[in-house]
$ cat data_34.txt   # compact mmCIF, C-alpha atoms
# COMPACT_ATOMS: atom_id res chain seq x y z
CA MET Q 28 66.74 -66.05 90.52
CA ARG Q 29 65.02 -67.13 93.68
CA ARG Q 30 64.33 -70.85 93.89
CA ARG Q 31 60.67 -70.41 94.79
CA VAL Q 32 57.83 -71.86 92.77
CA ILE Q 33 55.46 -68.88 92.88
CA PRO Q 34 57.84 -66.18 91.57
CA LEU Q 35 59.31 -68.60 89.03
CA ALA Q 36 55.85 -69.58 87.76
CA ARG Q 37 54.94 -65.91 87.45
CA ARG Q 38 58.14 -65.23 85.48
CA LEU Q 39 57.51 -68.22 83.20
CA HIS Q 40 53.99 -66.90 82.59
CA GLN Q 41 55.48 -63.50 81.65
CA VAL Q 42 57.93 -65.15 79.25
CA CYS Q 43 55.20 -67.22 77.58
CA THR Q 44 52.72 -64.35 77.36
CA ALA Q 45 55.27 -61.97 75.85
CA ALA Q 46 56.62 -64.56 73.41
CA VAL Q 47 53.13 -65.44 72.14
CA ALA Q 48 52.17 -61.76 71.85
CA GLU Q 49 55.32 -61.20 69.80
CA ILE Q 50 54.60 -63.98 67.30
CA LEU Q 51 50.92 -63.02 66.98
CA GLU Q 52 51.67 -59.32 66.49
CA GLY Q 53 50.09 -58.10 63.29
CA ASP Q 54 47.64 -61.01 63.08
CA GLU Q 55 44.94 -59.15 65.03
CA ILE Q 56 44.52 -62.05 67.45
CA THR Q 57 45.48 -62.39 71.10
CA GLY Q 58 47.04 -65.35 72.85
CA LEU Q 59 43.75 -66.19 74.57
CA GLU Q 60 41.89 -66.00 71.25
CA TYR Q 61 44.46 -68.36 69.75
CA GLY Q 62 43.83 -70.66 72.73
CA VAL Q 63 40.13 -70.70 71.87
CA LEU Q 64 40.93 -71.60 68.26
CA ALA Q 65 43.25 -74.40 69.39
CA TRP Q 66 40.71 -75.88 71.82
CA LEU Q 67 37.91 -75.72 69.27
CA GLN Q 68 39.99 -77.36 66.57
CA ASP Q 69 40.84 -80.21 68.93
CA ASP Q 70 37.37 -80.41 70.52
CA PRO Q 71 34.62 -79.11 68.20
CA ASP Q 72 31.04 -78.75 69.40
CA VAL Q 73 32.01 -77.99 72.97
CA ASP Q 74 29.79 -75.55 74.85
CA GLN Q 75 31.01 -72.21 76.16
CA ASN Q 76 31.01 -73.29 79.81
CA ALA Q 77 33.13 -76.35 79.06
CA LEU Q 78 35.50 -74.22 76.98
CA ALA Q 79 35.87 -71.78 79.89
CA ALA Q 80 36.63 -74.65 82.28
CA ARG Q 81 39.21 -76.20 79.95
CA MET Q 82 40.97 -72.87 79.44
CA GLY Q 83 40.82 -71.94 83.13
CA ILE Q 84 38.96 -68.69 82.47
CA ASP Q 85 35.64 -67.40 83.73
CA ARG Q 86 32.47 -67.78 81.67
CA THR Q 87 32.20 -64.05 81.00
CA THR Q 88 35.70 -63.93 79.53
CA ALA Q 89 34.96 -67.02 77.42
CA SER Q 90 31.78 -65.40 76.13
CA THR Q 91 33.65 -62.20 75.25
CA LEU Q 92 36.38 -64.12 73.43
CA VAL Q 93 33.88 -66.25 71.51
CA SER Q 94 31.78 -63.22 70.57
CA SER Q 95 34.84 -61.42 69.19
CA LEU Q 96 35.93 -64.48 67.21
CA GLU Q 97 32.38 -65.03 65.96
CA GLU Q 98 32.10 -61.40 64.77
CA ARG Q 99 35.30 -61.85 62.76
CA GLY Q 100 34.04 -65.07 61.19
CA PHE Q 101 36.38 -67.51 62.96
CA VAL Q 102 33.87 -69.27 65.22
CA ASP Q 103 30.32 -70.49 64.71
CA ARG Q 104 28.04 -70.58 67.74
CA ARG Q 105 24.85 -72.63 67.51
CA THR Q 106 22.17 -73.87 69.87
CA ASN Q 107 22.71 -77.27 71.44
CA PRO Q 108 19.76 -79.44 70.33
CA ARG Q 109 19.85 -81.31 73.69
CA ASP Q 110 19.94 -78.16 75.82
CA ARG Q 111 18.52 -75.08 74.12
CA ARG Q 112 20.20 -72.80 76.69
CA ALA Q 113 23.70 -73.99 75.75
CA ARG Q 114 25.69 -72.87 72.73
CA LEU Q 115 27.96 -75.28 70.89
CA LEU Q 116 31.11 -73.84 69.38
CA ARG Q 117 32.93 -74.83 66.22
CA LEU Q 118 35.61 -73.26 64.05
CA THR Q 119 34.54 -71.94 60.67
CA GLY Q 120 36.68 -72.69 57.62
CA THR Q 121 38.30 -69.28 58.09
CA GLY Q 122 38.99 -70.09 61.74
CA ARG Q 123 40.61 -73.43 60.84
CA THR Q 124 42.74 -71.73 58.18
CA LEU Q 125 43.90 -69.09 60.69
CA ARG Q 126 44.68 -71.72 63.35
CA GLU Q 127 46.63 -73.87 60.89
CA GLY Q 128 48.54 -70.85 59.60
CA LEU Q 129 49.58 -69.80 63.10
CA ARG Q 130 50.26 -73.29 64.45
CA PRO Q 131 53.88 -73.61 63.15
CA ARG Q 132 54.80 -70.23 64.65
CA VAL Q 133 53.30 -71.19 68.00
CA ARG Q 134 55.17 -74.52 67.94
CA ASP Q 135 58.44 -72.71 67.12
CA CYS Q 136 57.75 -70.26 69.95
CA GLN Q 137 57.26 -73.10 72.41
CA ALA Q 138 60.46 -74.75 71.18
CA ARG Q 139 62.38 -71.47 71.66
CA ILE Q 140 61.06 -71.10 75.20
CA LEU Q 141 62.21 -74.63 76.06
CA SER Q 142 65.47 -74.45 74.05
CA ALA Q 143 67.58 -74.16 77.22
CA LEU Q 144 66.61 -77.77 77.99
CA GLU Q 145 67.62 -81.05 76.40
CA PRO Q 146 64.75 -82.93 74.70
CA ALA Q 147 64.37 -85.37 77.61
CA GLU Q 148 64.35 -82.45 80.07
CA ARG Q 149 61.60 -80.73 78.07
CA GLU Q 150 59.40 -83.80 78.36
CA MET Q 151 60.22 -84.13 82.04
CA LEU Q 152 59.37 -80.47 82.68
CA LEU Q 153 56.02 -80.88 80.92
CA ASP Q 154 55.28 -84.07 82.86
CA LEU Q 155 56.16 -82.37 86.15
CA LEU Q 156 54.11 -79.27 85.35
CA ILE Q 157 51.10 -81.45 84.49
CA ARG Q 158 51.49 -83.33 87.76
CA VAL Q 159 51.74 -80.14 89.83
CA VAL Q 160 48.78 -78.53 88.07
CA THR Q 161 46.48 -81.57 88.25
CA THR Q 162 47.38 -82.15 91.91
CA ASN Q 163 46.33 -78.59 92.67
CA GLU Q 164 43.10 -78.49 90.65
CA ALA Q 165 41.23 -76.98 93.59
CA TYR Q 166 43.05 -73.70 92.89
CA MET Q 167 42.27 -73.73 89.16
CA ARG Q 168 38.85 -72.14 89.35
CA PRO Q 169 38.51 -68.71 87.75
CA GLY Q 170 38.78 -65.97 90.31
CA ALA Q 171 40.60 -68.16 92.84
CA ALA Q 172 43.32 -65.53 93.24
CA ARG Q 173 40.95 -62.65 93.85
CA ARG Q 174 40.92 -61.22 97.33
CA LYS Q 175 37.89 -61.87 99.42
CA PRO Q 176 36.21 -58.67 100.66
CA SER Q 177 37.11 -57.94 104.26
CA ARG Q 178 34.34 -58.06 106.84
CA ASN Q 179 35.06 -54.47 107.79
CA SER Q 180 34.69 -53.11 104.27
CA GLY Q 181 31.54 -51.21 103.83
CA PRO Q 182 30.16 -47.82 102.95
$ encode --input "data_34.txt" --output "structure tokens"
Amino acid sequence: MRRRVIPLARRLHQVCTAAVAEILEGDEITGLEYGVLAWLQDDPDVDQNALAARMGIDRTTASTLVSSLEERGFVDRRTNPRDRRARLLRLTGTGRTLREGLRPRVRDCQARILSALEPAEREMLLDLLIRVVTTNEAYMRPGAARRKPSRNSGP
């Protein structure tokens, strides 16, 4: 393994994504959809734009995820009485039941991923990751990694 943050972060992302996909297999829900359920259980009545920002995804992706979850009866989307353009999101009873049913498997998955570390090291890793991420918030906007079109590109 190379001791470089970017390739290591990419590999950790691969590990986490694959592990979550494995535990959610057969439940007809993706890791991002589970993330929506988790955020909405912890923070009900958030609007779609705030949800997108918290998850680090673009608004279009958030809308697609919410629409899919709403169609399946897991999320309720209603008009914000203070801003009629905004939609407030909340889990339905079915959504809460699904989230609670999956939560132990997700916790076990996270524990397996961190099992190479001692308990104090796990906490330290999480603290360090939080510090690195929050220090670099300027890069956390959706689309930040997309290439800018070159000036020479044209028809």
$ closest_residue --input "data_34.txt" --among "Q:Arg104, Q:Arg126, Q:Arg99, Q:Arg149" --to "Asp69 in chain Q" --atoms "all atoms listed in the file"
Q:Arg126
$ closest_residue --input "data_34.txt" --among "Q:Leu144, Q:Glu55, Q:Trp66, Q:Leu152" --to "Arg81 in chain Q" --atoms "only C-alpha atoms"
Q:Trp66
$ closest_residue --input "data_34.txt" --among "Q:Leu64, Q:Ala36, Q:Met82, Q:Ala45" --to "Arg168 in chain Q" --atoms "all atoms listed in the file"
Q:Met82
$ closest_residue --input "data_34.txt" --among "Q:Val102, Q:Ser90, Q:Ala138, Q:Arg37" --to "Glu150 in chain Q" --atoms "all atoms listed in the file"
Q:Ala138
$ closest_residue --input "data_34.txt" --among "Q:Ala48, Q:Leu96, Q:Ala77, Q:Leu155" --to "Val133 in chain Q" --atoms "all atoms listed in the file"
Q:Ala48
$ atom_distance --input "data_34.txt" --atom1 "CA of Glu97 in chain Q" --atom2 "CA of Gly58 in chain Q"
16.2 Å
$ atom_distance --input "data_34.txt" --atom1 "CA of Phe101 in chain Q" --atom2 "CA of Leu118 in chain Q"
5.9 Å
